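> This structure is in structure tokens; I'll ask about it shortly.
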Amino acid sequence: MPNIAIIGGGIAGLTCALALAQRGFHSTIFEQATALKEVGAGIQLSPNAVKPLEKLGLMPAINGFASAPRAIKIYSGRSGKPIVQLPLGQTIEKQFGAPYLSVHRADLQKALAQACERSPKIATNLGAQIERVPLENGKADILGDFFDLVIVADGVNSKLRKQCFALDAVDTGLIAWRATFAMDERPEAFSNHSTTLCLSSAAHLVTYPIASGLELNAVAILAEGTDIRSGFDKWSSKWKPLLEKQNEWIAWPLRAAPTMASRLNGPFVFMGDAAHGMLPFAAQGGAMAIEDAFMLATAISKLKSNPKALRHWAIAREKRTTKVAATARQNRQIYHLPQPMAKIRDSGMAMLGPERLMARQSWIYDFDATAWSPNSSA
Ligand SMILES: Cc1cc2nc3c(=O)[nH]c(=O)nc-3n(C[C@H](O)[C@H](O)[C@H](O)COP(=O)(O)OP(=O)(O)OC[C@H]3O[C@@H](n4cnc5c(N)ncnc54)[C@H](O)[C@@H]3O)c2cc1C
């Protein structure tokens with residue numbers, strides 16, 4: 001059995017350790033933080049993200065804190081008028097075989113970390129910042145221990161990517177402002193049971209319930225250099241009470257992963273944001289990390305019978321994450337269109353209607369990482 005190290009204990013690294021353990025493999029996680037707790041606010045888990053989590057037996061824990069938004073209600077940021085409403089809830093669960101959930105990141109991180117702690121196959125080194133990994137006879141030397149395989153899951157600003165490919169993350173020119181509010185203190189315009197998406201020009205705002213519906217998560221995305229208040233000055237007064245809770249908002253510069261020649265480099269395997277960090281306009285970065293993790297464990301478990309399994313994994317993941325990242329970039333253009341195109345976008349969306357708008361996402365949500373095998377792909 002290969003001796004496996006995982007650099008980074010985020011969503012990608014923890015999920016991968018659990019998926020490996022389920023297949024009988026030991027791994028050692030190296031995480032720079034001294035405690036496994038996520039910063040940031042909420043995260044939406046689409047059906048393609050939920051399927052691997054279900055297979056890992058995590059749903060009893062996740063259902064204890066998740067919310068299942070009933071719909072995505074899309075509004076014009078400027079006029080405050082509704083544009084279209086897309087069904088989530090039971091409709092999406094029936095269609096894609098798993099629910100669409102929204103959770104607090106800290107809750108998800110805790111559920112993953114506790115499952116790792118319970119597993120005798122997972123060792124965790126906290127406070128271990130790994131910036132360079134020397135090689136000796138093809139094996140990786142991490143803090144004096146030698147590993148056959150190093151799974152690199154150290155996020156979009158990956159230090160190991162720098163070592164292997166001399167590539168830094170790319171600035172996107174956008175800032176995400178993030179905040180959470182007690183649900184019963186939210187302004188009335190924002191639903192307590194659905195996702196609210198407000199579109200305008202050069203900015204958009206999303207809110208959704210988290211923490212079993214007790215909190216509202218909000219993300220406002222603007223161009224760098226624009227303040228949260230001035231970025232929305234032309235918006236309907238309907239949305240302002242939330243945006244004006246100024247002290248609550250935390251600015252988060254959005255960076256993306258550069259194009260790498262390959263996800264594989266000697267004993268290093270790149271996954272999650274370290275490999276494909278993307279704009280959050282399709283709400284898929286975390287979902288791609290979870291898919292990556294589950295499929296990577298499958299590939300590793302098949303290595304004995306199929307020495308090309310890792311190569312097949314890398315090709316399959318590159319193809320899918322490239323397409324999803326392109327969708328996120330396209331959504332950026334659409335969500336932030338200048339006037340008068342923004343008005344045309346709004347009426348176009350209303351005309352297309354929920355079914356056709358939802359159909360644009362079905363190839364993303366339909367994907368089942370748990371059904372993948374390296375023997376069945378290129
Ligand atoms: C505003 C916003 C909204 C988003 N919304 C969604 C959404 O709704 N749905 C969705 O699926 N995705 C969403 N995403 C994307 C999602 O957050 C990321 O894709 C996901 O967190 C990536 O997980 P990861 O484990 O690859 O990386 P990270 O979460 O960055 O984890 C990397 C880990 O590695 C550790 N680390 C870093 N460097 C080192 C080192 N040198 N040594 C040791 N440890 C190290 C870090 O401490 C961290 O624990 C959103 C992102 C943003 C910014």
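By convention in this document, the chains of the structure tokens carry letters A, B, ... by their order, each chain's residues are numbered from 1, and ligands are numbered from 1 in the order they are shown.
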Mind checking DSSP for region 102-228 of chain A and telling me the strand (DSSP E or B) residues as an MDAnalysis selection string?

chainID A and resid 102:104 122:126 135:136 139:142 145:147 149:152 170:182 195:199 203:210 215:223

> Save out the residues we just selected, C-alpha atoms, as a PDB file, in the first residue's frame.


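This is the output file result.pdb:
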ATOM      1  CA  SER A 102     -26.741  25.165   1.930  1.00  0.00           C
ATOM      2  CA  VAL A 103     -24.563  25.001   5.041  1.00  0.00           C
ATOM      3  CA  HIS A 104     -22.260  27.054   7.221  1.00  0.00           C
ATOM      4  CA  ILE A 122      -6.299   8.983   9.174  1.00  0.00           C
ATOM      5  CA  ALA A 123      -3.503  10.800  11.018  1.00  0.00           C
ATOM      6  CA  THR A 124      -3.674  14.589  11.273  1.00  0.00           C
ATOM      7  CA  ASN A 125      -0.732  16.937  11.840  1.00  0.00           C
ATOM      8  CA  LEU A 126      -2.035  20.394  12.740  1.00  0.00           C
ATOM      9  CA  LEU A 135      12.404  14.358  -2.948  1.00  0.00           C
ATOM     10  CA  GLU A 136      14.779  11.487  -2.182  1.00  0.00           C
ATOM     11  CA  LYS A 139       9.868   9.651  -2.342  1.00  0.00           C
ATOM     12  CA  ALA A 140       8.671  12.841  -0.708  1.00  0.00           C
ATOM     13  CA  ASP A 141      10.278  13.880   2.572  1.00  0.00           C
ATOM     14  CA  ILE A 142       7.700  15.646   4.740  1.00  0.00           C
ATOM     15  CA  ASP A 145       8.716  10.942   7.016  1.00  0.00           C
ATOM     16  CA  PHE A 146       8.797   9.508   3.483  1.00  0.00           C
ATOM     17  CA  PHE A 147       5.712   9.301   1.253  1.00  0.00           C
ATOM     18  CA  LEU A 149       2.175   9.927  -2.982  1.00  0.00           C
ATOM     19  CA  VAL A 150       1.568  13.556  -1.978  1.00  0.00           C
ATOM     20  CA  ILE A 151      -1.992  14.793  -2.530  1.00  0.00           C
ATOM     21  CA  VAL A 152      -1.755  18.562  -2.816  1.00  0.00           C
ATOM     22  CA  VAL A 170      -4.316  34.755 -10.790  1.00  0.00           C
ATOM     23  CA  ASP A 171      -6.113  37.923  -9.604  1.00  0.00           C
ATOM     24  CA  THR A 172      -9.647  38.160 -11.003  1.00  0.00           C
ATOM     25  CA  GLY A 173     -10.227  41.865 -10.243  1.00  0.00           C
ATOM     26  CA  LEU A 174     -13.227  40.974  -8.061  1.00  0.00           C
ATOM     27  CA  ILE A 175     -13.932  41.071  -4.341  1.00  0.00           C
ATOM     28  CA  ALA A 176     -16.496  38.908  -2.554  1.00  0.00           C
ATOM     29  CA  TRP A 177     -17.998  40.588   0.498  1.00  0.00           C
ATOM     30  CA  ARG A 178     -19.291  37.930   2.869  1.00  0.00           C
ATOM     31  CA  ALA A 179     -21.481  38.129   5.951  1.00  0.00           C
ATOM     32  CA  THR A 180     -23.896  36.080   8.034  1.00  0.00           C
ATOM     33  CA  PHE A 181     -26.913  37.458   9.906  1.00  0.00           C
ATOM     34  CA  ALA A 182     -29.300  36.020  12.464  1.00  0.00           C
ATOM     35  CA  THR A 195     -31.965  31.533  -2.185  1.00  0.00           C
ATOM     36  CA  THR A 196     -32.255  35.184  -3.262  1.00  0.00           C
ATOM     37  CA  LEU A 197     -30.154  36.256  -6.261  1.00  0.00           C
ATOM     38  CA  CYS A 198     -30.128  39.965  -7.201  1.00  0.00           C
ATOM     39  CA  LEU A 199     -28.567  40.920 -10.524  1.00  0.00           C
ATOM     40  CA  ALA A 203     -22.298  43.615  -9.048  1.00  0.00           C
ATOM     41  CA  HIS A 204     -24.580  40.913  -7.725  1.00  0.00           C
ATOM     42  CA  LEU A 205     -25.839  39.733  -4.357  1.00  0.00           C
ATOM     43  CA  VAL A 206     -26.782  36.223  -3.184  1.00  0.00           C
ATOM     44  CA  THR A 207     -28.334  35.167   0.124  1.00  0.00           C
ATOM     45  CA  TYR A 208     -29.386  31.756   1.373  1.00  0.00           C
ATOM     46  CA  PRO A 209     -30.314  30.102   4.667  1.00  0.00           C
ATOM     47  CA  ILE A 210     -27.674  28.174   6.645  1.00  0.00           C
ATOM     48  CA  GLU A 215     -28.811  32.230   9.898  1.00  0.00           C
ATOM     49  CA  LEU A 216     -28.792  33.998   6.543  1.00  0.00           C
ATOM     50  CA  ASN A 217     -25.589  33.871   4.517  1.00  0.00           C
ATOM     51  CA  ALA A 218     -24.874  36.768   2.154  1.00  0.00           C
ATOM     52  CA  VAL A 219     -22.275  37.175  -0.600  1.00  0.00           C
ATOM     53  CA  ALA A 220     -21.957  40.404  -2.607  1.00  0.00           C
ATOM     54  CA  ILE A 221     -19.519  40.400  -5.515  1.00  0.00           C
ATOM     55  CA  LEU A 222     -18.076  43.652  -6.832  1.00  0.00           C
ATOM     56  CA  ALA A 223     -15.099  44.941  -8.787  1.00  0.00           C
TER      57      ALA A 223
END

> Which residues of chain A have any atom within 6 Å of an atom in ligand 1 when counting only C-alpha atoms and all ligand atoms, and what is the closest pair of atoms for each, with the distance in Å to one decimal? Order the rows by chain and rising number and write it as CSV.


residue,atom,partner,partner_atom_place_in_ligand_line,distance
A:Ile7,CA,ligand 1,43 (C),5.3
A:Gly8,CA,ligand 1,34 (O),3.3
A:Gly9,CA,ligand 1,49 (O),4.4
A:Gly10,CA,ligand 1,25 (O),3.6
A:Ile11,CA,ligand 1,25 (O),3.9
A:Ala12,CA,ligand 1,25 (O),3.7
A:Gly13,CA,ligand 1,25 (O),5.6
A:Phe30,CA,ligand 1,43 (C),5.4
A:Glu31,CA,ligand 1,44 (N),3.8
A:Gln32,CA,ligand 1,43 (C),3.9
A:Ala33,CA,ligand 1,47 (O),5.4
A:Ile43,CA,ligand 1,8 (O),3.9
A:Gln44,CA,ligand 1,8 (O),3.7
A:Leu45,CA,ligand 1,9 (N),5.6
A:Ala128,CA,ligand 1,43 (C),5.7
A:Gln129,CA,ligand 1,42 (N),3.6
A:Ile130,CA,ligand 1,42 (N),3.8
A:Glu131,CA,ligand 1,41 (N),4.6
A:Ala153,CA,ligand 1,26 (O),5.4
A:Asp154,CA,ligand 1,34 (O),3.5
A:Gly155,CA,ligand 1,30 (O),3.6
A:Val156,CA,ligand 1,30 (O),6.0
A:Ser158,CA,ligand 1,38 (N),5.9
A:Lys159,CA,ligand 1,41 (N),5.6
A:Ala176,CA,ligand 1,1 (C),5.1
A:Leu254,CA,ligand 1,53 (C),6.0
A:Gly272,CA,ligand 1,26 (O),3.5
A:Asp273,CA,ligand 1,26 (O),3.8
A:Ala274,CA,ligand 1,26 (O),5.9
A:Gly277,CA,ligand 1,19 (O),5.9
A:Pro280,CA,ligand 1,50 (C),4.8
A:Ala283,CA,ligand 1,7 (C),3.7
A:Gln284,CA,ligand 1,11 (O),3.8
A:Gly285,CA,ligand 1,19 (O),3.2
A:Gly286,CA,ligand 1,11 (O),3.3
A:Ala287,CA,ligand 1,11 (O),4.0
A:Ala289,CA,ligand 1,26 (O),5.5

> Considering only C-alpha atoms, return as a ChimeraX atom specification whatever protein or nucleic-acid residues lie within 10 Å of Ala371 (chain A), sequence-local ones (same chain, fewer than 6 positions apart) excluded.

/A:51-52,295,298

> Take the selection from the previous step and output its residues with N, CA and C atoms, as a tab-separated table (two decimals), in the first residue's frame.


chain	number	residue	atom	x	y	z
A	51	LYS	N	-23.72	13.81	-3.51
A	51	LYS	CA	-23.64	12.36	-3.77
A	51	LYS	C	-22.40	11.71	-3.13
A	52	PRO	N	-21.18	12.25	-3.31
A	52	PRO	CA	-20.02	11.64	-2.63
A	52	PRO	C	-20.12	11.73	-1.10
A	295	MET	N	-13.13	10.76	-6.50
A	295	MET	CA	-12.63	10.04	-7.68
A	295	MET	C	-11.14	9.72	-7.56
A	298	THR	N	-10.85	6.60	-5.66
A	298	THR	CA	-11.18	5.47	-6.53
A	298	THR	C	-9.97	5.12	-7.40

> Determine, counting only C-alpha atoms, which protein, DNA and RNA residues have an atom within 6 Å of an atom of region 232-238 of chain A; residues of the same chain fewer than 2 positions away are not included. Present the result as a list in words.

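Close residues of region 232-238 of chain A: Gly77, Arg78, Ser79, Gly80, Arg229, Ser230 and Lys240 of chain A.
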
> Excluding Phe367 (chain A) and residues on its chain fewer than 6 positions from it, collect all residues at most 10 Å away from it, counting only C-alpha atoms, and give them as a list in words.

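That gives Pro47, Asn48, Ala49, Lys51, Phe96, Glu291 and Arg320 of chain A.
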
> At what distance in Å, to one decimal, does CA of Ser119 (chain A) lie from CA of Pro60 (chain A)?

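Here the two named atoms are 16.6 Å from each other.
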
> What does the structure give for the distance between CA of Leu160 (chain A) and CA of Pro2 (chain A), in Å to one decimal?

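Calculated distance between CA of Leu160 (chain A) and CA of Pro2 (chain A) is 20.1 Å.
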
> Quick one, how far is CA of Ala328 (chain A) from CA of Pro82 (chain A)?

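Separation between CA of Ala328 (chain A) and CA of Pro82 (chain A): 22.8 Å.
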
> Using only C-alpha atoms, which protein or nucleic acid residues come within 10 Å of Ala350 (chain A)? Drop anything in the same chain fewer than 5 positions from it, and give the result as an NGL selection string.

:A and (74 or 82-85 or 344-345 or 357)

> Output C-alpha atoms for every residue in the selection just made, as a CSV table (one decimal), in the first residue's frame.


chain,number,residue,atom,x,y,z
A,74,ILE,CA,-34.0,36.0,-9.0
A,82,PRO,CA,-38.8,39.6,-9.5
A,83,ILE,CA,-37.4,38.2,-12.8
A,84,VAL,CA,-37.8,34.4,-12.5
A,85,GLN,CA,-38.0,31.7,-9.8
A,344,ILE,CA,-32.2,42.8,-21.9
A,345,ARG,CA,-30.6,40.0,-19.8
A,357,LEU,CA,-32.7,28.1,-17.2

> Residues near Arg23 (chain A), anyone? I mean within 8 Å using only C-alpha atoms, not counting same-chain ones fewer than 4 positions away, as a PyMOL selection string.

chain A and resi 19+297-298+301

> Considering only C-alpha atoms, can you say which of A:Ile92, A:Leu264, A:His276, A:Lys81 comes closest to Gln361 (chain A)?

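Selected residue with least distance to Gln361 (chain A): A:Ile92.
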